[in-house]
Every structure is written in C-alpha cells, then in structure tokens.
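Structure file coords24.tsv; described as TSV, C-alpha atoms.
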chain	number	residue	atom	x	y	z
L	157	MET	CA	-21.15	-23.23	24.13
L	158	THR	CA	-22.49	-20.04	22.54
L	159	LEU	CA	-19.23	-18.30	21.65
L	160	ARG	CA	-19.01	-16.74	18.20
L	161	PHE	CA	-15.60	-16.46	16.56
L	162	GLY	CA	-14.26	-13.95	14.06
L	163	TYR	CA	-10.94	-13.11	12.43
L	164	GLY	CA	-9.37	-9.66	12.14
L	165	THR	CA	-8.76	-8.20	8.69
L	166	ASN	CA	-5.55	-6.63	10.02
L	167	GLY	CA	-4.21	-10.18	9.77
L	168	LEU	CA	-5.36	-10.50	6.14
L	169	THR	CA	-3.92	-7.34	4.64
L	170	ASP	CA	-2.52	-9.12	1.57
L	171	LEU	CA	-6.06	-10.05	0.53
L	172	ARG	CA	-8.71	-7.86	-1.07
L	173	LEU	CA	-11.53	-7.27	1.38
L	174	ASP	CA	-14.06	-9.26	-0.68
L	175	ASP	CA	-11.63	-12.17	-0.83
L	176	ALA	CA	-10.92	-11.98	2.90
L	177	LEU	CA	-14.62	-11.99	3.77
L	178	ALA	CA	-15.31	-14.91	1.43
L	179	LEU	CA	-12.41	-16.85	2.96
L	180	LEU	CA	-13.70	-16.35	6.49
L	181	ALA	CA	-17.22	-17.37	5.53
L	182	ASP	CA	-15.93	-20.49	3.76
L	183	LEU	CA	-13.89	-21.45	6.83
L	184	GLY	CA	-16.95	-21.18	9.07
L	185	TYR	CA	-16.26	-18.00	11.01
L	186	ASP	CA	-19.23	-16.17	12.50
L	187	GLY	CA	-17.87	-12.72	11.79
L	188	VAL	CA	-15.00	-10.36	11.16
L	189	GLY	CA	-13.08	-7.67	13.00
L	190	LEU	CA	-12.91	-5.08	10.21
L	191	THR	CA	-9.98	-2.67	10.55
L	192	LEU	CA	-10.63	0.52	8.59
L	193	ASP	CA	-7.47	0.96	6.52
L	194	HIS	CA	-6.34	1.98	3.05
L	195	MET	CA	-6.62	-1.60	1.75
L	196	HIS	CA	-9.87	-2.49	3.55
L	197	LEU	CA	-12.69	0.09	3.49
L	198	ASP	CA	-10.48	3.18	3.56
L	199	PRO	CA	-12.18	5.64	5.96
L	200	LEU	CA	-10.56	8.68	4.32
L	201	ALA	CA	-11.13	7.97	0.60
L	202	PRO	CA	-14.07	9.47	-1.30
L	203	GLY	CA	-17.40	7.69	-1.43
L	204	LEU	CA	-17.21	6.12	2.02
L	205	ALA	CA	-20.98	5.80	2.42
L	206	GLY	CA	-21.42	4.00	-0.88
L	207	ARG	CA	-18.48	1.69	-0.26
L	208	THR	CA	-19.83	0.94	3.20
L	209	ARG	CA	-23.21	-0.04	1.72
L	210	ARG	CA	-21.48	-2.50	-0.60
L	211	VAL	CA	-19.57	-4.06	2.30
L	212	ALA	CA	-22.79	-4.30	4.32
L	213	LYS	CA	-24.45	-6.11	1.43
L	214	ARG	CA	-21.51	-8.51	1.14
L	215	LEU	CA	-21.50	-9.24	4.86
L	216	ALA	CA	-25.22	-10.00	4.72
L	217	GLU	CA	-24.76	-12.30	1.73
L	218	LEU	CA	-22.05	-14.23	3.56
L	219	GLY	CA	-23.84	-14.28	6.92
L	220	LEU	CA	-20.97	-12.56	8.72
L	221	ASP	CA	-21.32	-10.36	11.80
L	222	VAL	CA	-18.88	-7.47	12.20
L	223	THR	CA	-17.09	-5.27	14.69
L	224	VAL	CA	-15.29	-2.16	13.43
L	225	GLU	CA	-11.68	-1.80	14.58
L	226	THR	CA	-9.57	1.36	14.34
L	227	GLY	CA	-6.05	0.10	14.95
L	228	ALA	CA	-4.65	0.69	11.46
L	229	ARG	CA	-0.98	1.60	11.80
L	230	TYR	CA	-0.53	4.39	9.25
L	231	VAL	CA	-4.01	5.38	8.13
L	232	LEU	CA	-3.63	8.97	9.39
L	233	ASP	CA	0.13	9.54	9.12
L	234	PRO	CA	2.46	7.64	6.76
L	235	ARG	CA	5.45	8.34	9.02
L	236	ARG	CA	4.10	7.71	12.53
L	237	LYS	CA	2.68	4.37	13.62
L	238	HIS	CA	-0.78	4.95	15.15
L	239	GLY	CA	-0.21	8.69	14.91
L	240	PRO	CA	-1.63	11.09	15.68
L	241	SER	CA	-3.30	9.78	18.82
L	242	LEU	CA	-5.94	11.14	21.15
L	243	LEU	CA	-3.06	12.30	23.37
L	244	ASP	CA	-1.13	14.28	20.76
L	245	PRO	CA	0.17	17.68	21.96
L	246	ASP	CA	-1.38	19.36	18.91
L	247	PRO	CA	-5.15	19.87	19.31
L	248	GLU	CA	-5.66	19.67	15.55
L	249	ALA	CA	-3.83	16.34	15.47
L	250	ARG	CA	-6.00	15.00	18.31
L	251	ALA	CA	-9.03	16.16	16.36
L	252	ARG	CA	-7.93	14.13	13.33
L	253	ARG	CA	-7.89	10.96	15.44
L	254	ALA	CA	-11.27	11.82	16.95
L	255	ASP	CA	-12.64	12.43	13.45
L	256	LEU	CA	-11.45	8.95	12.44
L	257	LEU	CA	-13.40	7.50	15.36
L	258	LEU	CA	-16.48	9.50	14.39
L	259	ARG	CA	-16.20	8.11	10.86
L	260	ALA	CA	-15.85	4.64	12.35
L	261	VAL	CA	-19.04	5.11	14.35
L	262	ARG	CA	-20.93	6.07	11.20
L	263	VAL	CA	-19.49	3.10	9.32
L	264	ALA	CA	-20.37	0.79	12.19
L	265	ALA	CA	-23.93	2.05	12.30
L	266	ASP	CA	-24.30	1.54	8.54
L	267	LEU	CA	-22.85	-1.98	8.79
L	268	GLY	CA	-24.97	-2.94	11.79
L	269	ALA	CA	-21.74	-3.59	13.69
L	270	ARG	CA	-21.56	-4.82	17.26
L	271	ALA	CA	-19.14	-2.12	18.43
L	272	VAL	CA	-16.36	0.29	17.48
L	273	HIS	CA	-12.97	-0.55	18.93
L	274	CYS	CA	-10.33	2.06	19.83
L	275	PHE	CA	-7.39	2.68	22.16
L	276	SER	CA	-5.85	5.64	23.98
L	277	GLY	CA	-2.40	5.97	22.45
L	278	ILE	CA	1.06	6.29	23.99
L	279	VAL	CA	1.75	9.20	26.33
L	280	PRO	CA	3.91	11.75	24.43
L	281	PRO	CA	7.34	12.40	25.96
L	282	THR	CA	6.46	16.07	26.42
L	283	VAL	CA	3.67	15.21	28.90
L	284	ARG	CA	5.02	15.54	32.45
L	285	GLU	CA	1.81	14.98	34.40
L	286	PRO	CA	-0.47	11.95	33.84
L	287	ALA	CA	-3.48	14.16	34.52
L	288	THR	CA	-2.71	16.09	31.32
L	289	ALA	CA	-2.86	12.93	29.24
L	290	TRP	CA	-6.09	11.79	30.88
L	291	GLN	CA	-7.64	15.22	30.29
L	292	ARG	CA	-6.77	15.04	26.58
L	293	LEU	CA	-8.19	11.53	26.34
L	294	THR	CA	-11.49	12.32	28.01
L	295	ALA	CA	-11.97	15.56	26.06
L	296	SER	CA	-11.28	13.74	22.78
L	297	LEU	CA	-13.61	10.85	23.56
L	298	ARG	CA	-16.65	12.81	24.74
L	299	PRO	CA	-17.96	13.76	21.27
L	300	VAL	CA	-17.22	10.25	20.01
L	301	LEU	CA	-19.19	8.73	22.88
L	302	GLU	CA	-22.05	11.11	22.21
L	303	ALA	CA	-22.12	10.04	18.56
L	304	ALA	CA	-21.85	6.38	19.54
L	305	GLY	CA	-24.75	6.73	21.94
L	306	THR	CA	-26.90	8.39	19.27
L	307	ALA	CA	-25.99	5.67	16.76
L	308	GLY	CA	-26.59	2.87	19.24
L	309	VAL	CA	-23.10	1.45	18.70
L	310	PRO	CA	-20.89	1.01	21.80
L	311	LEU	CA	-17.38	2.44	21.81
L	312	ALA	CA	-15.17	-0.38	23.13
L	313	VAL	CA	-11.86	0.96	24.46
L	314	GLU	CA	-8.97	-1.50	24.52
L	315	PRO	CA	-6.31	-1.56	27.25
L	316	GLU	CA	-3.09	-1.70	25.24
L	317	PRO	CA	0.38	-2.45	26.69
L	318	GLY	CA	2.53	0.66	26.66
L	319	HIS	CA	-0.41	3.04	26.25
L	320	LEU	CA	-1.87	5.49	28.76
L	321	LEU	CA	-4.83	3.13	29.13
L	322	ALA	CA	-2.96	-0.16	29.51
L	323	THR	CA	-4.91	-2.21	32.06
L	324	LEU	CA	-8.40	-2.98	33.28
L	325	ALA	CA	-7.75	-0.65	36.21
L	326	ASP	CA	-7.01	2.13	33.71
L	327	PHE	CA	-10.29	1.42	31.92
L	328	HIS	CA	-12.18	1.87	35.17
L	329	HIS	CA	-10.30	5.11	35.80
L	330	LEU	CA	-11.51	6.35	32.41
L	331	ARG	CA	-15.08	5.33	33.26
L	332	GLU	CA	-14.92	7.37	36.44
L	333	LEU	CA	-13.46	10.43	34.70
L	334	LEU	CA	-16.19	10.33	32.04
L	335	GLY	CA	-19.03	9.69	34.47
L	336	ASP	CA	-19.65	6.11	33.29
L	337	PRO	CA	-21.50	6.93	30.03
L	338	PRO	CA	-23.70	4.09	28.69
L	339	ALA	CA	-21.95	4.09	25.30
L	340	LEU	CA	-18.55	3.32	26.84
L	341	GLY	CA	-17.57	-0.34	26.77
L	342	LEU	CA	-14.45	-2.47	26.86
L	343	THR	CA	-12.41	-4.38	24.31
L	344	LEU	CA	-10.63	-7.18	26.17
L	345	ASP	CA	-7.58	-8.65	24.45
L	346	ILE	CA	-6.91	-12.06	26.01
L	347	GLY	CA	-3.22	-11.94	25.09
L	348	HIS	CA	-2.83	-8.60	26.81
L	349	CYS	CA	-4.25	-10.14	29.97
L	350	GLN	CA	-1.53	-12.78	29.84
L	351	CYS	CA	1.08	-10.13	29.06
L	352	LEU	CA	0.58	-7.71	31.94
L	353	GLU	CA	-2.58	-8.07	34.05
L	354	PRO	CA	-2.13	-9.29	37.66
L	355	LEU	CA	-5.03	-11.74	37.27
L	356	PRO	CA	-4.99	-14.86	35.05
L	357	PRO	CA	-6.80	-14.31	31.73
L	358	GLU	CA	-9.90	-16.27	32.80
L	359	ASP	CA	-10.22	-14.12	35.92
L	360	CYS	CA	-9.79	-11.00	33.78
L	361	VAL	CA	-12.76	-12.18	31.72
L	362	ARG	CA	-14.88	-12.57	34.84
L	363	ALA	CA	-13.84	-9.17	36.18
L	364	ALA	CA	-14.49	-7.45	32.84
L	365	ALA	CA	-17.76	-9.18	31.98
L	366	PRO	CA	-20.20	-6.32	32.74
L	367	TRP	CA	-18.41	-3.99	30.33
L	368	LEU	CA	-17.39	-6.40	27.56
L	369	ARG	CA	-18.38	-5.21	24.10
L	370	HIS	CA	-15.57	-6.76	22.02
L	371	VAL	CA	-12.99	-9.51	22.56
L	372	GLN	CA	-9.71	-10.12	20.75
L	373	ILE	CA	-7.81	-13.36	21.15
L	374	GLU	CA	-4.37	-14.78	20.36
L	375	ASP	CA	-1.58	-16.50	22.26
L	376	MET	CA	1.03	-14.51	24.22
L	377	ARG	CA	3.76	-14.87	26.83
L	378	ARG	CA	4.01	-13.12	30.17
L	379	GLY	CA	5.71	-9.74	29.90
L	380	VAL	CA	6.13	-9.86	26.11
L	381	HIS	CA	3.68	-7.94	23.92
L	382	ASP	CA	3.88	-10.16	20.86
L	383	HIS	CA	0.71	-11.56	19.26
L	384	LEU	CA	1.39	-15.25	18.64
L	385	PRO	CA	-0.49	-18.00	16.80
L	386	PHE	CA	-2.30	-20.41	19.09
L	387	GLY	CA	-0.01	-22.91	20.76
L	388	GLU	CA	3.10	-20.71	20.58
L	389	GLY	CA	2.50	-18.84	23.84
L	390	GLU	CA	1.56	-19.62	27.43
L	391	ILE	CA	-2.22	-19.22	27.60
L	392	ASP	CA	-4.41	-22.11	28.75
L	393	PHE	CA	-7.43	-21.44	26.54
L	394	PRO	CA	-10.17	-23.81	27.79
L	395	PRO	CA	-10.63	-21.96	31.12
L	396	VAL	CA	-10.59	-18.60	29.31
L	397	LEU	CA	-13.26	-19.63	26.81
L	398	ALA	CA	-15.35	-21.28	29.52
L	399	ALA	CA	-15.28	-18.05	31.53
L	400	LEU	CA	-16.19	-16.04	28.45
L	401	ASP	CA	-19.09	-18.36	27.66
L	402	ALA	CA	-20.33	-18.25	31.25
L	403	SER	CA	-20.19	-14.44	31.26
L	404	GLY	CA	-23.06	-14.18	28.79
L	405	TYR	CA	-20.96	-12.20	26.32
L	406	GLN	CA	-22.85	-11.95	23.00
L	407	GLY	CA	-20.28	-10.30	20.73
L	408	LEU	CA	-17.52	-11.65	18.53
L	409	THR	CA	-14.29	-13.17	19.80
L	410	VAL	CA	-11.87	-12.11	17.08
L	411	VAL	CA	-8.48	-13.66	16.32
L	412	GLU	CA	-5.89	-10.86	16.38
L	413	LEU	CA	-2.71	-11.70	14.42
L	414	PRO	CA	-1.73	-8.41	12.72
L	415	ARG	CA	1.92	-9.40	12.25
L	416	HIS	CA	1.08	-12.62	10.43
L	417	SER	CA	-0.63	-11.33	7.29
L	418	HIS	CA	2.05	-12.97	5.14
L	419	ALA	CA	0.43	-16.28	6.15
L	420	GLY	CA	-3.02	-14.95	6.92
L	421	PRO	CA	-5.09	-17.60	5.10
L	422	HIS	CA	-3.14	-20.37	6.85
L	423	HIS	CA	-3.64	-18.88	10.30
L	424	ALA	CA	-7.31	-18.21	9.60
L	425	GLU	CA	-7.71	-21.85	8.60
L	426	THR	CA	-5.95	-23.26	11.68
L	427	SER	CA	-7.20	-20.82	14.33
L	428	LEU	CA	-10.90	-21.68	14.19
L	429	PRO	CA	-10.49	-25.44	14.78
L	430	PHE	CA	-8.09	-24.68	17.65
L	431	LEU	CA	-10.62	-22.39	19.32
L	432	ARG	CA	-13.49	-24.81	18.82
L	433	ARG	CA	-11.49	-27.67	20.35
L	434	ALA	CA	-10.45	-25.49	23.28
L	435	ALA	CA	-14.02	-24.32	23.82
L	436	ALA	CA	-15.32	-27.90	23.83
L	437	ARG	CA	-12.73	-29.21	26.30
L	438	PRO	CA	-14.13	-29.78	29.82
L	439	VAL	CA	-12.67	-27.48	32.47
L	440	PRO	CA	-12.15	-29.08	35.92
L	441	VAL	CA	-14.01	-27.42	38.77
L	442	PRO	CA	-11.57	-26.51	41.57
L	443	GLU	CA	-12.06	-28.36	44.84
L	444	GLY	CA	-14.24	-26.43	47.23
L	445	SER	CA	-16.09	-24.58	44.47
L	446	ALA	CA	-19.86	-24.50	44.54
L	447	SER	CA	-21.41	-27.18	42.36
Once more with this new file: its structure as structure tokens, please.
Amino acid sequence: MTLRFGYGTNGLTDLRLDDALALLADLGYDGVGLTLDHMHLDPLAPGLAGRTRRVAKRLAELGLDVTVETGARYVLDPRRKHGPSLLDPDPEARARRADLLLRAVRVAADLGARAVHCFSGIVPPTVREPATAWQRLTASLRPVLEAAGTAGVPLAVEPEPGHLLATLADFHHLRELLGDPPALGLTLDIGHCQCLEPLPPEDCVRAAAPWLRHVQIEDMRRGVHDHLPFGEGEIDFPPVLAALDASGYQGLTVVELPRHSHAGPHHAETSLPFLRRAAARPVPVPEGSAS
C-alpha cells in the first residue's frame, strides 16, 4: 500500500497554522491540505511571499507534503459564503476569484505543492442558459491554467454538489470546452461520489484515475452533502482505498472535515488509524474477475 494521507487545515481552524502542522506531523500524517484563509496563510494580507517562505520551511522541517486548497468560505467576501465565484454576473467579481486562484498558484509553486484545488461555484439565479455559466467558467480559468502550466503545478478542479461542475461528467465537459489543457486535473472527493455519482465510489476512483491530482476523503450518505467522520456514513472504505492504490495515484489523500473544527485535534487523531486499517484490510475479488 503506497497511499499517503493528509488532513485539511479547514478542519483545524481553531489552531494556529504552526500548531496544526506540528499536530499532523506528530500524528504521523504524510501531508496537509492547506486552505488559504485569514487564519492560515492569508492570501490577501501583506507579505504573502515572506509568509509563504516561512511555511515552506516549516513543512520541510516537519517532513510534510502539501496541496493548496482554495475553499475558504469568506476569504473574499465577509457576507457571501464562497463569494464571489467564477460564475458571478459581475466581471470584476469573477476577476477577484480568478486573482485568488492565481495567488494560490504562486503560493503552491513556492511551497512545492502537489496541486492547487478549486471549484466552479453555484450558478447564479440570474443565469438562464447553462452555456452562459460554462462560458464564464472557462474564460475565468484560462489565465489560471496558463499560470499553473508555467509554474508546473496542476489545477485540480473539484466536482462539488450543487455547483455548476458537480459530477465527473461535468469535469469532462469542462475538459472538452477548454481543449484538454495539460495543467487541468481533477480533485476527487470520495464523499461526493457517495453523495451523488451514479457509480460506487471505488468505480469513480477507477474512472477518474487518469486525471487525479488531488483526493479528499470523509464519510457521507447517499443524497446528503454532509461531511461526516469515518464510520458515521455509508461508505465501504477498503474497496475505495484499494482502487486508489491500484490506480497509481501519487498525491495526498486528505481528510476533509471542515464542519468539525471544534473537535479538530480529536478527528485528526482518530482518522489516520481508521484509514490505515481500512487500507490494510483485504478486499475480496469478485467471482469471475481476472486473477
């Protein structure tokens, strides 16, 4: 088993970043999903380059790998969750979100990160035609993908329930619209697969394998977008982790519990042993499968 596990800082928001990183290293994690937010490497505050260098030094000291995540709820607008998005009716507002992603690419390059994660956003109620939303998304992402390609850091777009880009099929639609640029990759959230994909999560992993650049993991129930601690949902994890290991994926598999920061250290402590046990459990080979 070659899987490498991380924990998302959006589930440790009550901790200082240095303390969160030290905790994860002490617990034995391989890396961290670092959400750029006002409490953890604020992407909009002065001195970003210098602060990024200090975080890079700390990550190296602790032996932690990193993926940069951009799902902070109110980093751009204190009144609108995840606003503005790449689909906002106002071009200047869309540009603010794109600028955040460009900053994230620079941070990721300076940290030596595996990828930069992002998502599309919810379609505004004023948009009557889906093509309009897709046009805004592709136009917003093109300069970010160009910067990501130059920096050598993949941009890993996440299908998010309720967003324009909600499914694996939507990701492939985006690929086609953009002309399949090399810098475009996929963030696969295992819980989201359980929530709304037609395939079981392990089959989603197999289908997504060629484009996987980042993986998020938590428990979830069918049809309910609620990130749950392991064991509180419906996912059978050994087949999922076996499929991920067999895919050759080299990045981090990051625990994603953003609504559980009040007990973040506890969940960080219990999640890693759960994943290691699930990864080590033998998975039966279905009858009729090739040996």
### Message
I'd like to know which of L:Leu320, L:Leu197, L:Leu344, L:Leu256 is closest to L:Thr226, using all atoms listed in the file.
### Response
L:Leu256
So which residues touch L:Trp290 within 12 Å, counting only C-alpha atoms, skipping near sequence neighbours fewer than 6 positions away, as a compact mmCIF listing (two decimals) with C-alpha atoms, in the coordinates of the input?
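Okay, part07.txt is ready:
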# COMPACT_ATOMS: atom_id res chain seq x y z
CA LEU L 242 -5.94 11.14 21.15
CA LEU L 243 -3.06 12.30 23.37
CA ASP L 244 -1.13 14.28 20.76
CA SER L 276 -5.85 5.64 23.98
CA GLY L 277 -2.40 5.97 22.45
CA ILE L 278 1.06 6.29 23.99
CA VAL L 279 1.75 9.20 26.33
CA PRO L 280 3.91 11.75 24.43
CA VAL L 283 3.67 15.21 28.90
CA ARG L 284 5.02 15.54 32.45
CA SER L 296 -11.28 13.74 22.78
CA LEU L 297 -13.61 10.85 23.56
CA HIS L 319 -0.41 3.04 26.25
CA LEU L 320 -1.87 5.49 28.76
CA LEU L 321 -4.83 3.13 29.13
CA ASP L 326 -7.01 2.13 33.71
CA PHE L 327 -10.29 1.42 31.92
CA HIS L 329 -10.30 5.11 35.80
CA LEU L 330 -11.51 6.35 32.41
CA ARG L 331 -15.08 5.33 33.26
CA GLU L 332 -14.92 7.37 36.44
CA LEU L 333 -13.46 10.43 34.70
CA LEU L 334 -16.19 10.33 32.04
### Among listed residues L:His370, L:Arg253, L:His328, L:Arg362, nearest L:Leu311 (using all atoms listed in the file)
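Checking each candidate against L:Leu311, we get L:His370 as the closest.
We find atom CA of L:Asp375 and atom CA of L:Gly389 to be spaced 5.0 Å apart.
Here the selection is built from all atoms listed in the file, and the residues within 7 Å of (-11.9, -13.0, 21.9) turn out to be Asp345, Ile346, Val371, Gln372, Ile373, Leu408, Thr409, Val410 and Val411 of chain L.
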Write out the residues from the selection above, keeping C-alpha atoms, as a compact mmCIF listing (two decimals), keeping the file's coordinate frame.
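Output contents, as saved in again-v4.txt:
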# COMPACT_ATOMS: atom_id res chain seq x y z
CA ASP L 345 -7.58 -8.65 24.45
CA ILE L 346 -6.91 -12.06 26.01
CA VAL L 371 -12.99 -9.51 22.56
CA GLN L 372 -9.71 -10.12 20.75
CA ILE L 373 -7.81 -13.36 21.15
CA LEU L 408 -17.52 -11.65 18.53
CA THR L 409 -14.29 -13.17 19.80
CA VAL L 410 -11.87 -12.11 17.08
CA VAL L 411 -8.48 -13.66 16.32
### Query
atom CA of L:Val224 to atom CA of L:Ala264: how many Å, to one decimal?
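These atoms are spaced 6.0 Å apart.
Atom CA of L:Ala419 to atom CA of L:Arg214 spans 23.8 Å [interatomic distance, one decimal].
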Can you build me a table of stretch 268-333 of chain L residues sitting at most 12 Å from stretch 181-192 of chain L, with the closest atom pair per residue and its distance in Å to one decimal, using all atoms listed in the file, sorted by chain and residue number, as JSON lines?
{"residue": "L:Ala269", "atom": "CA", "partner": "L:Gly189", "partner_atom": "CA", "distance": 9.6}
{"residue": "L:Arg270", "atom": "CA", "partner": "L:Gly189", "partner_atom": "CA", "distance": 9.9}
{"residue": "L:Ala271", "atom": "CA", "partner": "L:Gly189", "partner_atom": "CA", "distance": 9.8}
{"residue": "L:Val272", "atom": "CA", "partner": "L:Leu190", "partner_atom": "CA", "distance": 9.7}
{"residue": "L:His273", "atom": "CA", "partner": "L:Thr191", "partner_atom": "CA", "distance": 9.1}
{"residue": "L:Cys274", "atom": "CA", "partner": "L:Thr191", "partner_atom": "CA", "distance": 10.4}
### Query
If we count only C-alpha atoms, what is near L:Glu374 at a cut-off of 10 Å, once residues fewer than 3 positions away on the same chain are taken out, given as a list in words?
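Result of the neighbour search: Asp345, Ile346, Gly347, His348, Asp382, His383, Leu384, Pro385, Phe386, Gly387, Glu388, Gly389, Ile391, Phe393, Val410, Val411, Glu412, Leu413, Ser427 and Leu431 of chain L.
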#### Entry: Nearest to L:Ala216, chosen from L:Ala398, L:Ala295, L:Ala435, L:Leu267, with all atoms listed in the file counted in the distances
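Looking at the shortest contact to L:Ala216, the residue is L:Leu267.
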### Ref. answer, residues at most 12 Å from (-17.2, 7.8, 11.8) with all atoms listed in the file, as an MDAnalysis selection string
chainID L and resid 192 198:200 204:205 208 224:226 252:267 272:273 299:304 307 309 311
Test item: axis-aligned box, all listed atoms of stretch 283-293 of chain L, 8 Å on each side, centre and edges in Å rounded to one decimal, as AutoDock Vina command-line options:
--center_x -1.6 --center_y 13.8 --center_z 30.4 --size_x 29.2 --size_y 20.6 --size_z 24.2
### Task
Could you check which of L:Gly341, L:Arg236, L:Tyr230, L:Met376 is closest to L:Pro357, using all atoms listed in the file?
L:Met376
Taking only C-alpha atoms, show stretch 294-382 of chain L of the given structure as an mmCIF file, in the first residue's frame.
data_model
loop_
_atom_site.group_PDB
_atom_site.id
_atom_site.type_symbol
_atom_site.label_atom_id
_atom_site.label_comp_id
_atom_site.auth_asym_id
_atom_site.auth_seq_id
_atom_site.Cartn_x
_atom_site.Cartn_y
_atom_site.Cartn_z
ATOM 1 C CA THR L 294 -13.856 28.642 -18.979
ATOM 2 C CA ALA L 295 -12.949 32.305 -19.543
ATOM 3 C CA SER L 296 -12.065 32.698 -15.854
ATOM 4 C CA LEU L 297 -9.976 29.535 -15.717
ATOM 5 C CA ARG L 298 -7.888 30.032 -18.855
ATOM 6 C CA PRO L 299 -5.388 32.513 -17.347
ATOM 7 C CA VAL L 300 -5.198 30.423 -14.173
ATOM 8 C CA LEU L 301 -4.425 27.294 -16.189
ATOM 9 C CA GLU L 302 -1.788 29.184 -18.140
ATOM 10 C CA ALA L 303 -0.136 30.288 -14.885
ATOM 11 C CA ALA L 304 -0.421 26.775 -13.460
ATOM 12 C CA GLY L 305 1.212 25.311 -16.535
ATOM 13 C CA THR L 306 4.075 27.802 -16.339
ATOM 14 C CA ALA L 307 4.539 27.076 -12.623
ATOM 15 C CA GLY L 308 4.355 23.322 -13.106
ATOM 16 C CA VAL L 309 1.538 22.984 -10.571
ATOM 17 C CA PRO L 310 -1.681 21.274 -11.744
ATOM 18 C CA LEU L 311 -5.018 22.984 -11.183
ATOM 19 C CA ALA L 312 -7.280 20.281 -9.722
ATOM 20 C CA VAL L 313 -10.956 21.167 -10.163
ATOM 21 C CA GLU L 314 -13.365 19.557 -7.717
ATOM 22 C CA PRO L 315 -16.886 18.427 -8.655
ATOM 23 C CA GLU L 316 -18.990 19.903 -5.853
ATOM 24 C CA PRO L 317 -22.661 19.030 -5.160
ATOM 25 C CA GLY L 318 -24.907 21.940 -6.039
ATOM 26 C CA HIS L 319 -22.301 23.664 -8.213
ATOM 27 C CA LEU L 320 -22.223 24.088 -11.982
ATOM 28 C CA LEU L 321 -19.457 21.486 -12.086
ATOM 29 C CA ALA L 322 -20.984 18.860 -9.800
ATOM 30 C CA THR L 323 -20.049 15.478 -11.282
ATOM 31 C CA LEU L 324 -17.293 13.637 -13.093
ATOM 32 C CA ALA L 325 -19.293 14.056 -16.289
ATOM 33 C CA ASP L 326 -19.234 17.822 -15.727
ATOM 34 C CA PHE L 327 -15.452 17.715 -15.286
ATOM 35 C CA HIS L 328 -15.093 16.016 -18.654
ATOM 36 C CA HIS L 329 -17.375 18.636 -20.199
ATOM 37 C CA LEU L 330 -15.028 21.319 -18.877
ATOM 38 C CA ARG L 331 -12.030 19.463 -20.304
ATOM 39 C CA GLU L 332 -13.660 19.436 -23.720
ATOM 40 C CA LEU L 333 -14.585 23.122 -23.586
ATOM 41 C CA LEU L 334 -11.014 24.074 -22.639
ATOM 42 C CA GLY L 335 -9.355 21.783 -25.162
ATOM 43 C CA ASP L 336 -7.959 19.384 -22.533
ATOM 44 C CA PRO L 337 -5.036 21.553 -21.321
ATOM 45 C CA PRO L 338 -2.218 19.605 -19.601
ATOM 46 C CA ALA L 339 -2.439 21.734 -16.434
ATOM 47 C CA LEU L 340 -6.079 20.782 -15.824
ATOM 48 C CA GLY L 341 -6.583 17.956 -13.345
ATOM 49 C CA LEU L 342 -9.236 16.634 -11.015
ATOM 50 C CA THR L 343 -9.874 16.767 -7.287
ATOM 51 C CA LEU L 344 -11.971 13.722 -6.389
ATOM 52 C CA ASP L 345 -13.897 13.926 -3.134
ATOM 53 C CA ILE L 346 -14.807 10.369 -2.111
ATOM 54 C CA GLY L 347 -17.796 11.535 -0.073
ATOM 55 C CA HIS L 348 -19.185 13.410 -3.054
ATOM 56 C CA CYS L 349 -19.021 10.190 -5.060
ATOM 57 C CA GLN L 350 -21.180 8.509 -2.426
ATOM 58 C CA CYS L 351 -23.493 11.521 -2.334
ATOM 59 C CA LEU L 352 -24.451 11.860 -5.991
ATOM 60 C CA GLU L 353 -22.390 9.923 -8.565
ATOM 61 C CA PRO L 354 -24.142 7.024 -10.353
ATOM 62 C CA LEU L 355 -21.110 4.772 -9.817
ATOM 63 C CA PRO L 356 -19.942 3.418 -6.434
ATOM 64 C CA PRO L 357 -17.006 5.403 -5.005
ATOM 65 C CA GLU L 358 -14.419 2.729 -5.893
ATOM 66 C CA ASP L 359 -15.610 2.750 -9.506
ATOM 67 C CA CYS L 360 -15.436 6.547 -9.517
ATOM 68 C CA VAL L 361 -11.788 6.248 -8.497
ATOM 69 C CA ARG L 362 -11.085 3.891 -11.391
ATOM 70 C CA ALA L 363 -12.911 6.125 -13.868
ATOM 71 C CA ALA L 364 -11.137 9.263 -12.627
ATOM 72 C CA ALA L 365 -7.645 7.799 -12.301
ATOM 73 C CA PRO L 366 -6.013 9.366 -15.404
ATOM 74 C CA TRP L 367 -6.898 12.879 -14.246
ATOM 75 C CA LEU L 368 -6.469 12.565 -10.468
ATOM 76 C CA ARG L 369 -4.277 15.278 -8.981
ATOM 77 C CA HIS L 370 -5.841 15.578 -5.502
ATOM 78 C CA VAL L 371 -8.133 13.408 -3.362
ATOM 79 C CA GLN L 372 -10.320 14.404 -0.424
ATOM 80 C CA ILE L 373 -11.897 11.810 1.829
ATOM 81 C CA GLU L 374 -14.559 11.600 4.533
ATOM 82 C CA ASP L 375 -17.699 9.587 5.187
ATOM 83 C CA MET L 376 -21.061 10.548 3.645
ATOM 84 C CA ARG L 377 -24.566 9.252 2.986
ATOM 85 C CA ARG L 378 -26.317 8.899 -0.339
ATOM 86 C CA GLY L 379 -28.086 12.093 -1.372
ATOM 87 C CA VAL L 380 -26.922 14.134 1.637
ATOM 88 C CA HIS L 381 -23.997 16.533 1.221
ATOM 89 C CA ASP L 382 -22.720 16.402 4.782
#
